[in-house]
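> Let me give you the structure first, and then I'll get to my questions.
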Amino acid sequence: MNGKKAKPSSGTDSFRKRFSAGFKRQWVLHLMLLPMVILLLVFSYYPMSGILIAFERYNPRLGFFRSPWVGLDNFKYVFRMPNTGQILYNTVFIAFMKMLLGLVVPILFAILLDLVKHSGYKRSIQTLIYIPYFLSWIVLSGILIDILSPSTGIVNQVLGRFGIEPVFFLGNEDAFPWVLIVSDVWKGFGYGTIVYLAAITSIDMELYDAAKIDGANRLKQVRYVTLPGITPIVVLMATLSLGNILNAGFDQILNLYNPSVMSTGDIIDTFVYRIGLQNNQYGIASAMGLFKSVVSFAFISIGYTLAYKFADYRVF
């Protein structure tokens, strides 16, 4: 003994040792994850360098780093355009109604389907409503064009039986946004129904038995047992959908809209496509796209905060 005390290890050294030991135990898992990390960096983070285009008078021949820098001029130009306000309104209205009905309709249908006791009939309905989810908008657009045709479409034929004049749904600027909303809900509510049915089946059946003993009928069981039981998954789905508040459905609208409904059907994504790829105004299109991304990020951040504050629910 030389009388010297051993120097205590610092917190940094302790953390380093724990990290090293954990990495050695799980190095195979990290190795399996490596290809996905590389793909994420190459296809998600590296392309973000294109944000520079929003602040430049971009010239493909000069590239990102040699094109003239214009600062916020592209943003100023976008917001001074006469139709920018209408495009933003169209985007928010269509996306919000899709989000709202995309939550309400699957929840109602899942509750009604849960009341069906015949398992074969129940599975058949699930399969039928789930099929449109797997079809692309190119296929569904062709189906909708045939169904809604003012001359041969089945919808106008039914309306004609009641003495109603044919309606050109895809050429009527007032009806077109609702065609987009209803068709999108029709396509996606089968998936949502399965999600909420899974949440309903996880509810403890003893709660329903207790509600019956207390004299609760079917409606009260839904109100006081089913809805509170699926609240966490509803909050989760609503929070995640807030990030898509400015995603009104580019592929759907691109396949369905035409110049006669441009005033109510044009959204940010179709505007960016038209200005950027068709008119080669890359800086202006990138500025609008960056604005959309920032607003979407803000909405999803607010959604996470509200979900934790009012429902005590964390996504991460």
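Residues are named by chain letter and number: chains run A, B, ... in the order of the structure tokens, numbers start at 1 in each chain, and ligands are numbered from 1 in the order shown.
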Apply DSSP to the backbone of this structure and, from region 44-115 of chain A, keep only the residues in alpha helix (DSSP H); write these as a PyMOL selection string.

chain A and resi 73-80+84-114

> Mind checking which residues fall within 12 Å of Leu108 (chain A), counting only C-alpha atoms, ignoring those fewer than 2 positions away in the same chain, and posting them as a PyMOL selection string?

chain A and resi 101-106+110-115+189-190+192-194+196-197+200+222-223+226-227+230+234

> For Ile268 (chain A), which residue out of A:Ile302, A:Ile213, A:Leu240, A:Ile253 is the nearest one, using only C-alpha atoms?

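Between A:Ile302, A:Ile213, A:Leu240, A:Ile253, the residue approaching Ile268 (chain A) most closely is A:Ile253.
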
> May I ask for the distance between CA of Val70 (chain A) and CA of Ile87 (chain A), given in Å to one decimal place?

24.1 Å

> Would you list the contacts of region 143-149 of chain A as a short mmCIF file (atom, residue, chain, number, x, y, z; two decimals) with C-alpha atoms, in the first residue's frame, taking every protein, DNA or RNA residue within 8 Å and counting only C-alpha atoms, but skipping same-chain residues closer than 3 positions in sequence?


data_model
loop_
_atom_site.label_atom_id
_atom_site.label_comp_id
_atom_site.auth_asym_id
_atom_site.auth_seq_id
_atom_site.Cartn_x
_atom_site.Cartn_y
_atom_site.Cartn_z
CA VAL A 139 -57.19 1.95 -61.57
CA LEU A 140 -59.71 3.59 -59.26
CA THR A 152 -73.46 6.17 -69.07
CA GLY A 153 -72.49 6.28 -65.38
CA ILE A 154 -74.54 4.21 -62.97
CA VAL A 155 -74.81 7.11 -60.48
CA ASN A 156 -76.50 9.41 -63.00
CA PHE A 168 -71.06 16.05 -64.44
CA PHE A 169 -69.33 15.31 -61.12
CA LEU A 170 -65.79 15.46 -62.52
CA LEU A 256 -59.11 13.03 -61.91
#

> Write out as a list in words which residues come within 9 Å of Met288 (chain A) when counting only C-alpha atoms, dropping same-chain ones fewer than 5 positions away.

Ala54, Asn74, Phe75, Val78, Phe79, Ile268, Asp269, Phe271, Val272, Gly283 and Ser293 of chain A

> Keeping only all heavy atoms, take the residues you just selected and write them out as a PDB file, in the first residue's frame.


ATOM      1  N   ALA A  54     -34.842  26.156 -53.341  1.00  0.00           N
ATOM      2  CA  ALA A  54     -35.874  27.112 -52.951  1.00  0.00           C
ATOM      3  C   ALA A  54     -35.323  28.519 -52.768  1.00  0.00           C
ATOM      4  O   ALA A  54     -36.087  29.486 -52.791  1.00  0.00           O
ATOM      5  CB  ALA A  54     -36.551  26.645 -51.664  1.00  0.00           C
ATOM      6  N   ASN A  74     -38.096  33.723 -54.096  1.00  0.00           N
ATOM      7  CA  ASN A  74     -39.025  32.701 -54.588  1.00  0.00           C
ATOM      8  C   ASN A  74     -40.261  32.603 -53.703  1.00  0.00           C
ATOM      9  O   ASN A  74     -41.384  32.450 -54.193  1.00  0.00           O
ATOM     10  CB  ASN A  74     -38.333  31.339 -54.661  1.00  0.00           C
ATOM     11  CG  ASN A  74     -37.305  31.266 -55.768  1.00  0.00           C
ATOM     12  OD1 ASN A  74     -37.466  31.895 -56.818  1.00  0.00           O
ATOM     13  ND2 ASN A  74     -36.233  30.523 -55.542  1.00  0.00           N
ATOM     14  N   PHE A  75     -40.064  32.716 -52.389  1.00  0.00           N
ATOM     15  CA  PHE A  75     -41.193  32.662 -51.461  1.00  0.00           C
ATOM     16  C   PHE A  75     -42.094  33.886 -51.638  1.00  0.00           C
ATOM     17  O   PHE A  75     -43.328  33.772 -51.621  1.00  0.00           O
ATOM     18  CB  PHE A  75     -40.695  32.586 -50.012  1.00  0.00           C
ATOM     19  CG  PHE A  75     -39.978  31.317 -49.684  1.00  0.00           C
ATOM     20  CD1 PHE A  75     -38.607  31.207 -49.862  1.00  0.00           C
ATOM     21  CD2 PHE A  75     -40.677  30.223 -49.206  1.00  0.00           C
ATOM     22  CE1 PHE A  75     -37.946  30.034 -49.554  1.00  0.00           C
ATOM     23  CE2 PHE A  75     -40.025  29.038 -48.895  1.00  0.00           C
ATOM     24  CZ  PHE A  75     -38.650  28.947 -49.071  1.00  0.00           C
ATOM     25  N   VAL A  78     -44.170  33.433 -54.765  1.00  0.00           N
ATOM     26  CA  VAL A  78     -45.247  32.454 -54.598  1.00  0.00           C
ATOM     27  C   VAL A  78     -46.444  33.069 -53.884  1.00  0.00           C
ATOM     28  O   VAL A  78     -47.598  32.919 -54.312  1.00  0.00           O
ATOM     29  CB  VAL A  78     -44.722  31.222 -53.820  1.00  0.00           C
ATOM     30  CG1 VAL A  78     -45.892  30.377 -53.316  1.00  0.00           C
ATOM     31  CG2 VAL A  78     -43.827  30.374 -54.696  1.00  0.00           C
ATOM     32  N   PHE A  79     -46.186  33.781 -52.794  1.00  0.00           N
ATOM     33  CA  PHE A  79     -47.296  34.303 -51.997  1.00  0.00           C
ATOM     34  C   PHE A  79     -47.915  35.565 -52.582  1.00  0.00           C
ATOM     35  O   PHE A  79     -48.943  36.020 -52.093  1.00  0.00           O
ATOM     36  CB  PHE A  79     -46.822  34.543 -50.562  1.00  0.00           C
ATOM     37  CG  PHE A  79     -46.576  33.272 -49.801  1.00  0.00           C
ATOM     38  CD1 PHE A  79     -45.287  32.855 -49.523  1.00  0.00           C
ATOM     39  CD2 PHE A  79     -47.636  32.473 -49.410  1.00  0.00           C
ATOM     40  CE1 PHE A  79     -45.060  31.665 -48.840  1.00  0.00           C
ATOM     41  CE2 PHE A  79     -47.425  31.292 -48.731  1.00  0.00           C
ATOM     42  CZ  PHE A  79     -46.133  30.879 -48.442  1.00  0.00           C
ATOM     43  N   ILE A 268     -51.528  22.134 -53.430  1.00  0.00           N
ATOM     44  CA  ILE A 268     -50.100  22.473 -53.418  1.00  0.00           C
ATOM     45  C   ILE A 268     -49.301  21.501 -54.274  1.00  0.00           C
ATOM     46  O   ILE A 268     -48.437  21.904 -55.071  1.00  0.00           O
ATOM     47  CB  ILE A 268     -49.564  22.491 -51.978  1.00  0.00           C
ATOM     48  CG1 ILE A 268     -50.165  23.663 -51.203  1.00  0.00           C
ATOM     49  CG2 ILE A 268     -48.043  22.589 -51.967  1.00  0.00           C
ATOM     50  CD1 ILE A 268     -49.744  23.722 -49.746  1.00  0.00           C
ATOM     51  N   ASP A 269     -49.566  20.201 -54.137  1.00  0.00           N
ATOM     52  CA  ASP A 269     -48.778  19.207 -54.860  1.00  0.00           C
ATOM     53  C   ASP A 269     -48.965  19.316 -56.367  1.00  0.00           C
ATOM     54  O   ASP A 269     -47.995  19.191 -57.129  1.00  0.00           O
ATOM     55  CB  ASP A 269     -49.151  17.795 -54.388  1.00  0.00           C
ATOM     56  CG  ASP A 269     -48.657  17.526 -52.978  1.00  0.00           C
ATOM     57  OD1 ASP A 269     -47.663  18.149 -52.580  1.00  0.00           O
ATOM     58  OD2 ASP A 269     -49.273  16.700 -52.280  1.00  0.00           O
ATOM     59  N   PHE A 271     -49.871  22.010 -57.937  1.00  0.00           N
ATOM     60  CA  PHE A 271     -49.255  23.289 -58.300  1.00  0.00           C
ATOM     61  C   PHE A 271     -47.740  23.126 -58.460  1.00  0.00           C
ATOM     62  O   PHE A 271     -47.149  23.605 -59.433  1.00  0.00           O
ATOM     63  CB  PHE A 271     -49.567  24.334 -57.226  1.00  0.00           C
ATOM     64  CG  PHE A 271     -48.806  25.615 -57.387  1.00  0.00           C
ATOM     65  CD1 PHE A 271     -49.237  26.590 -58.277  1.00  0.00           C
ATOM     66  CD2 PHE A 271     -47.659  25.860 -56.635  1.00  0.00           C
ATOM     67  CE1 PHE A 271     -48.531  27.782 -58.418  1.00  0.00           C
ATOM     68  CE2 PHE A 271     -46.958  27.039 -56.768  1.00  0.00           C
ATOM     69  CZ  PHE A 271     -47.391  28.003 -57.670  1.00  0.00           C
ATOM     70  N   VAL A 272     -47.106  22.435 -57.503  1.00  0.00           N
ATOM     71  CA  VAL A 272     -45.661  22.200 -57.574  1.00  0.00           C
ATOM     72  C   VAL A 272     -45.313  21.379 -58.805  1.00  0.00           C
ATOM     73  O   VAL A 272     -44.339  21.667 -59.508  1.00  0.00           O
ATOM     74  CB  VAL A 272     -45.181  21.496 -56.286  1.00  0.00           C
ATOM     75  CG1 VAL A 272     -43.743  21.018 -56.434  1.00  0.00           C
ATOM     76  CG2 VAL A 272     -45.288  22.436 -55.100  1.00  0.00           C
ATOM     77  N   GLY A 283     -37.173  26.798 -58.771  1.00  0.00           N
ATOM     78  CA  GLY A 283     -37.032  27.531 -57.523  1.00  0.00           C
ATOM     79  C   GLY A 283     -38.369  27.828 -56.876  1.00  0.00           C
ATOM     80  O   GLY A 283     -38.546  27.672 -55.662  1.00  0.00           O
ATOM     81  N   SER A 293     -43.758  21.494 -46.310  1.00  0.00           N
ATOM     82  CA  SER A 293     -43.083  20.587 -45.381  1.00  0.00           C
ATOM     83  C   SER A 293     -42.964  21.197 -43.994  1.00  0.00           C
ATOM     84  O   SER A 293     -43.166  20.518 -42.983  1.00  0.00           O
ATOM     85  CB  SER A 293     -41.694  20.233 -45.925  1.00  0.00           C
ATOM     86  OG  SER A 293     -41.784  19.581 -47.168  1.00  0.00           O
TER      87      SER A 293
END

> Which residue, A:Gln281, A:Gln126, A:Gln221, A:Asn90, has the smallest gap to Val261 (chain A) when you use only C-alpha atoms?

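Nearest candidate to Val261 (chain A) out of A:Gln281, A:Gln126, A:Gln221, A:Asn90: A:Asn90.
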
> Restricting the calculation to only C-alpha atoms, which member of A:Met99, A:Ile131, A:Ser119, A:Gly163 is positioned closest to Val185 (chain A)?

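That would be A:Met99, the residue with the smallest distance to Val185 (chain A).
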
> Go through A:Ala238, A:Val28, A:Ile181, A:Val116 one by one, measure the shortest atom-to-atom distance of each to Ala95 (chain A) using only C-alpha atoms, and give the residue with the smallest value.

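Selected residue with least distance to Ala95 (chain A): A:Ile181.
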
> Can you tell me how far CA of Gly249 (chain A) sits from CA of Trp137 (chain A), in Å to one decimal?

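So the answer is 9.8 Å.
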
> Work out how far apart CA of Val294 (chain A) and CA of Arg57 (chain A) are and give it in Å to one decimal.

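Spanning CA of Val294 (chain A) to CA of Arg57 (chain A) is a straight-line distance of 20.9 Å.
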
> Smallest atom-to-atom distance to Phe250 (chain A): which of A:Ile164, A:Ile94, A:Met237, A:Val42, using only C-alpha atoms?

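With only C-alpha atoms as the atom set, the closest residue is A:Ile94.
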
> I'd like to know which of A:Ile267, A:Leu219, A:Met36, A:Ile300 is closest to Leu180 (chain A), using only C-alpha atoms.

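Checking each of A:Ile267, A:Leu219, A:Met36, A:Ile300 against Leu180 (chain A), counting only C-alpha atoms, the winner is A:Ile267.
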